[in-house]
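Only one structure is covered here, and it is reproduced in the block below.
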Amino acid sequence: MFKNLLSTLPPLRKSAKPETTVTTVDISRVIKQAMPQPRPEAVMAPPSEDLANLAEEAVDSLSGQFETWMRTDLEQLVSAWQVAQKPGATAENYRAVFTAAHNIKGAANSYGYPAVARLCGSLSRLLTETRPGENSALINLHVEACRAAFTSIGQGSDGQTIADAVCEALEERVANKLAHA
């Protein structure tokens with residue numbers, strides 16, 4: 001159909017007129033270019049050392065809020081887990097526990113809680129293979145271990161050693177559970 005339409009069109013003819021060239025007028029002598037203005041001191045970027053100091057100060061100012069944020073995130077995890085433990089819990093209830101654990105896993109290292117990040121990573125892996133009503137004891141161990149790891153921060157190297165041992169034990173249990181699922 002398209003071929004038939006093209007065959008009905010008259011052939012293109014080349015123009016007998018020579019192509020005209022357009023000349024551009026040079027106006028560089030008429031328009032003066034603006035000279036770059038020096039930037040005021042307040043607007044100039046500080047040296048890289050100053051930028052590093054500013055960044056460090058910004059993080060320090062936020063670090064006071066890390067504990068509050070971590071506490072709030074853990075409260076959401078505990079609350080979601082309490083709902084998921086009730087009779088008749090749905091997949092959406094378990095999804096809320098997963099979401100809370102996954103969010104904590106992503107932020108806890110930045111907040112200074114590496115053990116909590118590991119525990120929530122392990123819990124997230126477990127929850128990806130868990131249906132409502134399954135693995136309740138192991139999920140509960142993770143949630144309680146997260147709470148304990150959070151409160152043990154600042155308790156010296158013993159607290160970190162215990163948190164690491166708990167992380168390793170729970171990660172091993174999850175790996176075994178998922179391998180035999």
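Chain labels run A, B, ... following the order of the structure tokens; each chain numbers its residues from 1, and ligands are numbered from 1 in the order shown.
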Practice problem: Find the residues around Val143 (chain A) up to 8 Å (only C-alpha atoms counted), leave out those fewer than 2 positions away in its own chain, and share them as a ChimeraX atom specification. | Solution: /A:77-78,81,139-141,145-147
Which residues of region 70-103 of chain A have any atom within 7 Å of an atom in region 120-128 of chain A when counting only C-alpha atoms, and what is the closest pair of atoms for each, with the distance in Å to one decimal? Order the rows by chain and rising number and write it as a tab-separated table.
```
residue	atom	partner	partner_atom	distance
A:Phe98	CA	A:Ser124	CA	5.6
A:Ala101	CA	A:Cys120	CA	5.0
A:His102	CA	A:Ser124	CA	5.9
```
Exercise. Mind checking which residues fall within 9 Å of Ile104 (chain A), counting only C-alpha atoms, ignoring those fewer than 3 positions away in the same chain, and posting them as a PyMOL selection string?
Key: chain A and resi 70+73-74+77+99-101+107-109+116-117+120-121
Self-check item: Distance query Asn176 (chain A) at most 12 Å, only C-alpha atoms, self and fewer than 4 positions along chain excluded, as a PyMOL selection string
Solution: chain A and resi 122+125-126+138+169-172+180-181
With N, CA and C atoms retained, write the just-selected residues as a compact mmCIF listing (two decimals), in the first residue's frame.
```txt
# COMPACT_ATOMS: atom_id res chain seq x y z
N SER A 122 20.72 -10.83 59.02
CA SER A 122 20.37 -12.24 59.21
C SER A 122 18.86 -12.43 59.29
N ARG A 125 17.29 -12.11 55.83
CA ARG A 125 17.47 -13.34 55.05
C ARG A 125 16.47 -14.42 55.49
N LEU A 126 16.31 -14.55 56.81
CA LEU A 126 15.37 -15.54 57.33
C LEU A 126 13.95 -15.24 56.88
N LEU A 138 13.07 -18.34 66.20
CA LEU A 138 14.31 -17.78 65.64
C LEU A 138 14.16 -16.29 65.33
N ALA A 169 26.23 -16.93 65.95
CA ALA A 169 25.35 -18.06 66.26
C ALA A 169 24.03 -17.96 65.50
N LEU A 170 23.44 -16.77 65.47
CA LEU A 170 22.16 -16.62 64.78
C LEU A 170 22.33 -16.70 63.27
N GLU A 171 23.41 -16.14 62.74
CA GLU A 171 23.66 -16.25 61.30
C GLU A 171 23.83 -17.72 60.89
N GLU A 172 24.50 -18.50 61.75
CA GLU A 172 24.67 -19.93 61.47
C GLU A 172 23.33 -20.66 61.51
N HIS A 180 18.11 -26.19 54.71
CA HIS A 180 17.24 -27.34 54.84
C HIS A 180 15.77 -27.03 54.57
N ALA A 181 15.51 -25.86 54.04
CA ALA A 181 14.13 -25.46 53.77
C ALA A 181 13.63 -26.02 52.47
```
Practice problem: Write out as an MDAnalysis selection string which residues come within 9 Å of region 83-93 of chain A when counting only C-alpha atoms, dropping same-chain ones fewer than 4 positions away. | Solution: chainID A and resid 78:79 97:98 131:133 136
Same residues, C-alpha atoms, saved as a PDB file, in the first residue's frame:
```pdb
ATOM      1  CA  VAL A  78       9.482  -4.780  67.845  1.00  0.00           C
ATOM      2  CA  SER A  79       6.005  -3.395  67.142  1.00  0.00           C
ATOM      3  CA  VAL A  97       8.825  -7.071  60.053  1.00  0.00           C
ATOM      4  CA  PHE A  98      11.071  -7.643  57.038  1.00  0.00           C
ATOM      5  CA  ARG A 131       5.638 -17.812  55.870  1.00  0.00           C
ATOM      6  CA  PRO A 132       3.356 -16.541  58.637  1.00  0.00           C
ATOM      7  CA  GLY A 133       3.611 -18.752  61.698  1.00  0.00           C
ATOM      8  CA  SER A 136       8.788 -17.664  65.325  1.00  0.00           C
TER       9      SER A 136
END
```
Quiz item: Which of these, A:Asn135, A:Gln82, A:Thr72, A:Thr130, has the shortest distance to Asn103 (chain A) once you count only C-alpha atoms?
Solution: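 Nearest to Asn103 (chain A): A:Thr72.
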Quiz prompt | Spatial neighbours of Tyr113 (chain A), max dist 12 Å, only C-alpha atoms, sep filter under 6 positions, as number ranges by chain | solution = A: 63, 66-67, 69-71, 74, 104-107, 119-120, 146-154, 159-160, 163-164
Could you take the residues named above and write them with N, CA and C atoms, as a compact mmCIF listing (two decimals), in the first residue's frame?
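For reference, again-v8.txt as written:
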```txt
# COMPACT_ATOMS: atom_id res chain seq x y z
N SER A 63 25.30 13.00 64.81
CA SER A 63 25.55 11.77 65.56
C SER A 63 24.79 11.73 66.88
N PHE A 66 21.67 9.84 66.24
CA PHE A 66 21.74 8.45 65.81
C PHE A 66 21.07 7.52 66.81
N GLU A 67 21.31 7.73 68.09
CA GLU A 67 20.71 6.86 69.11
C GLU A 67 19.19 6.95 69.07
N TRP A 69 17.32 7.83 66.49
CA TRP A 69 16.85 7.19 65.26
C TRP A 69 16.89 5.67 65.39
N MET A 70 17.98 5.15 65.96
CA MET A 70 18.12 3.70 66.12
C MET A 70 17.04 3.18 67.06
N ARG A 71 16.80 3.89 68.15
CA ARG A 71 15.76 3.47 69.10
C ARG A 71 14.39 3.44 68.40
N LEU A 74 14.21 0.46 66.04
CA LEU A 74 14.03 -0.80 66.79
C LEU A 74 12.61 -0.91 67.35
N ILE A 104 16.73 -1.14 59.14
CA ILE A 104 17.74 -1.06 60.19
C ILE A 104 19.08 -1.56 59.66
N LYS A 105 19.04 -2.66 58.92
CA LYS A 105 20.28 -3.22 58.36
C LYS A 105 21.02 -2.18 57.54
N GLY A 106 20.28 -1.39 56.78
CA GLY A 106 20.90 -0.39 55.93
C GLY A 106 21.46 0.81 56.68
N ALA A 107 20.88 1.14 57.83
CA ALA A 107 21.28 2.35 58.54
C ALA A 107 22.15 2.11 59.76
N LEU A 119 22.64 -8.46 62.74
CA LEU A 119 21.46 -9.20 63.18
C LEU A 119 20.27 -8.96 62.27
N CYS A 120 20.08 -7.72 61.87
CA CYS A 120 18.95 -7.40 60.99
C CYS A 120 19.17 -7.96 59.58
N CYS A 146 18.75 -7.91 68.80
CA CYS A 146 18.90 -6.53 68.31
C CYS A 146 18.75 -5.54 69.47
N ARG A 147 17.75 -5.77 70.27
CA ARG A 147 17.52 -4.88 71.42
C ARG A 147 18.69 -4.94 72.39
N ALA A 148 19.21 -6.14 72.65
CA ALA A 148 20.34 -6.30 73.56
C ALA A 148 21.61 -5.67 72.99
N ALA A 149 21.85 -5.86 71.70
CA ALA A 149 23.04 -5.27 71.08
C ALA A 149 22.97 -3.75 71.13
N PHE A 150 21.80 -3.21 70.94
CA PHE A 150 21.62 -1.75 71.00
C PHE A 150 21.96 -1.22 72.38
N THR A 151 21.48 -1.89 73.41
CA THR A 151 21.74 -1.39 74.77
C THR A 151 23.15 -1.69 75.24
N SER A 152 23.85 -2.65 74.61
CA SER A 152 25.21 -2.99 75.04
C SER A 152 26.27 -2.06 74.46
N ILE A 153 25.91 -1.22 73.48
CA ILE A 153 26.88 -0.30 72.89
C ILE A 153 27.38 0.63 73.99
N GLY A 154 28.68 0.83 74.02
CA GLY A 154 29.27 1.68 75.03
C GLY A 154 29.58 0.93 76.31
N GLY A 159 30.94 -6.18 75.69
CA GLY A 159 29.63 -6.06 75.04
C GLY A 159 29.72 -6.35 73.56
N GLN A 160 30.77 -5.85 72.91
CA GLN A 160 30.94 -6.10 71.47
C GLN A 160 31.28 -7.56 71.20
N ALA A 163 28.07 -9.47 71.51
CA ALA A 163 27.22 -9.18 70.35
C ALA A 163 27.72 -9.93 69.12
N ASP A 164 29.04 -9.97 68.91
CA ASP A 164 29.59 -10.69 67.77
C ASP A 164 29.30 -12.19 67.86
```
Quiz item: Can you list, as a PyMOL selection string, every residue of region 69-141 of chain A that DSSP puts in alpha helix (DSSP H)?
Solution: chain A and resi 69-84+91-111+114-128+136-141
